[in-house]
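Here's the structure we're looking at; comments come further down.
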Amino acid sequence: MIAAAYWMQRGLAMALLFADWSRLALAVLNRLLVLRPGDLYAGVSRARVLADLGQKNAAIKCLQQLLLVHPKHAASWYQLAYLLETCERHAESEPVFRSALAIDPDMDEAWFGLAMLLVREERLAEAVTALEQTTRLQPLSAHVWYQLGKVHAKLAQPEKALEVIRRLRSFEPQVANRLAGEIGLSGLK
């Protein structure tokens, strides 16, 4: 009987989320967590709804509790790191990004989030490594290549920045030209 109730409530939660009825969905997700405490779907969905409703600290707490039960769920580690970043809790977010990457080293979003954190902290050499990893995973992401070029320029590595510009020109020439202009390499080919 509990299994049937769970699946009915889960279907209802999914429908409410699809219809963008967040507050009603949250009530159903709370009931799901009563039926199955630590349920991955309900926990992740509840955290997302809380964050969407502007209750970021509650979403963070929800994910922290969920990760006690599901410590190998890389997407939850990433979601937690992202929320910590949006709450400007940067010192806490770096190890959380790294936890996501330890579980899933091919998670491009976590590499990029870590890279932007490192750029903000002026740890540019480390940021290059994270951005290069992101470009390996997302080779056609103009935004990531753009950030990599800017970091090379900040590190006074014009030859590497120029390599990035050349790479960008092969698939996003406007972005490449904007980057070249911003870092003072617009006259170079």
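In the structure tokens, chains take the letters A, B, ... in the order shown, each chain's residues start at 1, and ligands count up from 1 in the order shown.
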Per-residue nearest contacts of stretch 8-50 of chain A to stretch 73-94 of chain A (9 Å; only C-alpha atoms) as CSV:
```
residue,atom,partner,partner_atom,distance
A:Leu40,CA,A:His73,CA,8.9
A:Val44,CA,A:Ser76,CA,6.9
A:Ala47,CA,A:Gln79,CA,8.8
A:Arg48,CA,A:Gln79,CA,8.5
```
Tell me which protein, DNA and RNA residues are within 12 Å of A:Phe171, counting only C-alpha atoms, leaving out same-chain ones fewer than 5 positions away, and put them as number ranges by chain. A: 139-143, 145, 164-166, 176-177
Can you tell me which residues surround A:Ser186 at a distance of at most 12 Å, considering only C-alpha atoms, apart from same-chain residues fewer than 5 positions away, and format the answer as a PyMOL selection string? chain A and resi 158+161-162+165-166+173-181
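Closest approach to A:Tyr146 among A:Leu53, A:Leu67, A:Ile183, A:Leu124 is made by A:Ile183 (distances from only C-alpha atoms).
Of the residues under consideration (A:Leu66, A:Ile103, A:Leu118, A:Ala58), A:Leu66 shows the shortest atom-to-atom contact distance to A:Ala42 when counting only C-alpha atoms.
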As a PyMOL selection string, please: every residue in stretch 23-120 of chain A that a backbone DSSP assignment puts in alpha helix (DSSP H). chain A and resi 23-35+40-52+56-69+74-86+90-103+108-120
From the list A:Val119, A:Val28, A:Phe112, A:Gly43, which residue is nearest A:Ile60 when using only C-alpha atoms? A:Gly43
If we count only C-alpha atoms and set the cut-off at 10 Å, which residues sit around A:Met116, ignoring sequence neighbours fewer than 3 positions away in its own chain? Please answer as a PyMOL selection string. chain A and resi 110-113+119-124+127+130-131+144+147
Please indicate the distance in Å from atom CA of A:Ala3 to atom CA of A:Arg23, rounded to one decimal place. 23.8 Å
Considering only C-alpha atoms, can you say which of A:Leu168, A:Leu26, A:Ala100, A:Leu114 comes closest to A:Ala59?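 Among the listed residues, the smallest separation from A:Ala59 belongs to A:Leu26.
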What is the atom CA of A:Phe18 to atom CA of A:Pro71 distance in Å?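 So the answer is 27.5 Å.
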Need the shell around A:Asp108: protein/DNA/RNA residues with any atom at most 9 Å away, counting only C-alpha atoms. Skip same-chain ones fewer than 3 positions apart. Format as an mmCIF file with N, CA, C and O atoms, in the first residue's frame?
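The new file part07.cif reads:
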```cif
data_model
loop_
_atom_site.group_PDB
_atom_site.id
_atom_site.type_symbol
_atom_site.label_atom_id
_atom_site.label_comp_id
_atom_site.auth_asym_id
_atom_site.auth_seq_id
_atom_site.Cartn_x
_atom_site.Cartn_y
_atom_site.Cartn_z
ATOM 1 N N LEU A 101 33.252 16.470 -8.675
ATOM 2 C CA LEU A 101 34.210 16.038 -9.702
ATOM 3 C C LEU A 101 34.920 14.741 -9.325
ATOM 4 O O LEU A 101 35.303 13.973 -10.212
ATOM 5 N N PRO A 105 34.180 12.880 -12.923
ATOM 6 C CA PRO A 105 35.187 13.781 -13.481
ATOM 7 C C PRO A 105 34.820 14.359 -14.850
ATOM 8 O O PRO A 105 35.514 15.243 -15.349
ATOM 9 N N TRP A 111 33.208 21.548 -13.471
ATOM 10 C CA TRP A 111 34.516 22.102 -13.850
ATOM 11 C C TRP A 111 34.407 23.601 -14.093
ATOM 12 O O TRP A 111 35.251 24.381 -13.643
ATOM 13 N N PHE A 112 33.356 24.014 -14.790
ATOM 14 C CA PHE A 112 33.201 25.437 -15.087
ATOM 15 C C PHE A 112 32.909 26.231 -13.807
ATOM 16 O O PHE A 112 33.458 27.320 -13.601
ATOM 17 N N GLY A 113 32.056 25.700 -12.953
ATOM 18 C CA GLY A 113 31.770 26.383 -11.685
ATOM 19 C C GLY A 113 33.028 26.542 -10.848
ATOM 20 O O GLY A 113 33.292 27.617 -10.280
ATOM 21 N N GLN A 133 39.851 21.679 -18.845
ATOM 22 C CA GLN A 133 39.060 20.456 -18.661
ATOM 23 C C GLN A 133 37.641 20.667 -19.200
ATOM 24 O O GLN A 133 37.074 19.792 -19.845
ATOM 25 N N THR A 134 37.086 21.860 -18.950
ATOM 26 C CA THR A 134 35.742 22.160 -19.439
ATOM 27 C C THR A 134 35.724 22.188 -20.960
ATOM 28 O O THR A 134 34.785 21.672 -21.582
ATOM 29 N N THR A 135 36.748 22.770 -21.596
ATOM 30 C CA THR A 135 36.772 22.804 -23.063
ATOM 31 C C THR A 135 36.925 21.405 -23.648
ATOM 32 O O THR A 135 36.428 21.144 -24.734
ATOM 33 N N ARG A 136 37.600 20.525 -22.921
ATOM 34 C CA ARG A 136 37.705 19.135 -23.385
ATOM 35 C C ARG A 136 36.317 18.492 -23.410
ATOM 36 O O ARG A 136 35.984 17.736 -24.327
ATOM 37 N N LEU A 137 35.503 18.817 -22.406
ATOM 38 C CA LEU A 137 34.168 18.226 -22.297
ATOM 39 C C LEU A 137 33.128 18.951 -23.141
ATOM 40 O O LEU A 137 32.147 18.350 -23.567
ATOM 41 N N GLN A 138 33.324 20.248 -23.352
ATOM 42 C CA GLN A 138 32.397 21.079 -24.139
ATOM 43 C C GLN A 138 33.212 21.849 -25.184
ATOM 44 O O GLN A 138 33.386 23.067 -25.058
#
```
Fewer than 3 positions away in the same chain doesn't count, so skip those; otherwise give me all residues within 10 Å of A:Ala25, counting only C-alpha atoms, as a PyMOL selection string. chain A and resi 9-10+12-22+28-31+45-46+49
Selected residues written out, C-alpha atoms, as a PDB file, in the first residue's frame:
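The result, stored in result-v4.pdb:
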```pdb
ATOM      1  CA  GLN A   9       2.371  11.037  -4.928  1.00  0.00           C
ATOM      2  CA  ARG A  10       5.457  10.988  -7.133  1.00  0.00           C
ATOM      3  CA  LEU A  12       1.380  14.064  -8.748  1.00  0.00           C
ATOM      4  CA  ALA A  13       4.609  15.865  -7.826  1.00  0.00           C
ATOM      5  CA  MET A  14       5.913  15.454 -11.365  1.00  0.00           C
ATOM      6  CA  ALA A  15       2.679  16.830 -12.833  1.00  0.00           C
ATOM      7  CA  LEU A  16       2.712  19.807 -10.469  1.00  0.00           C
ATOM      8  CA  LEU A  17       6.356  20.554 -11.262  1.00  0.00           C
ATOM      9  CA  PHE A  18       5.608  20.326 -14.971  1.00  0.00           C
ATOM     10  CA  ALA A  19       2.697  22.751 -14.519  1.00  0.00           C
ATOM     11  CA  ASP A  20       5.018  25.095 -12.556  1.00  0.00           C
ATOM     12  CA  TRP A  21       2.918  24.901  -9.400  1.00  0.00           C
ATOM     13  CA  SER A  22       5.897  24.968  -7.087  1.00  0.00           C
ATOM     14  CA  VAL A  28       3.614  16.712  -2.223  1.00  0.00           C
ATOM     15  CA  LEU A  29       7.406  16.315  -2.139  1.00  0.00           C
ATOM     16  CA  ASN A  30       7.310  16.737   1.637  1.00  0.00           C
ATOM     17  CA  ARG A  31       4.737  13.892   1.803  1.00  0.00           C
ATOM     18  CA  SER A  45      13.233  17.981  -6.467  1.00  0.00           C
ATOM     19  CA  ARG A  46      12.451  19.536  -3.087  1.00  0.00           C
ATOM     20  CA  VAL A  49      11.747  23.924  -5.638  1.00  0.00           C
TER      21      VAL A  49
END
```
Closest to A:Leu68 among A:Glu126, A:Pro95, A:Gly54, A:Pro37, using only C-alpha atoms?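 Looking only at the distances to A:Leu68, the closest residue turns out to be A:Pro37.
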Atomic distance atom CA of A:Asp106 - atom CA of A:Gln55, expressed in Å with one decimal: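 It comes out at 29.4 Å.
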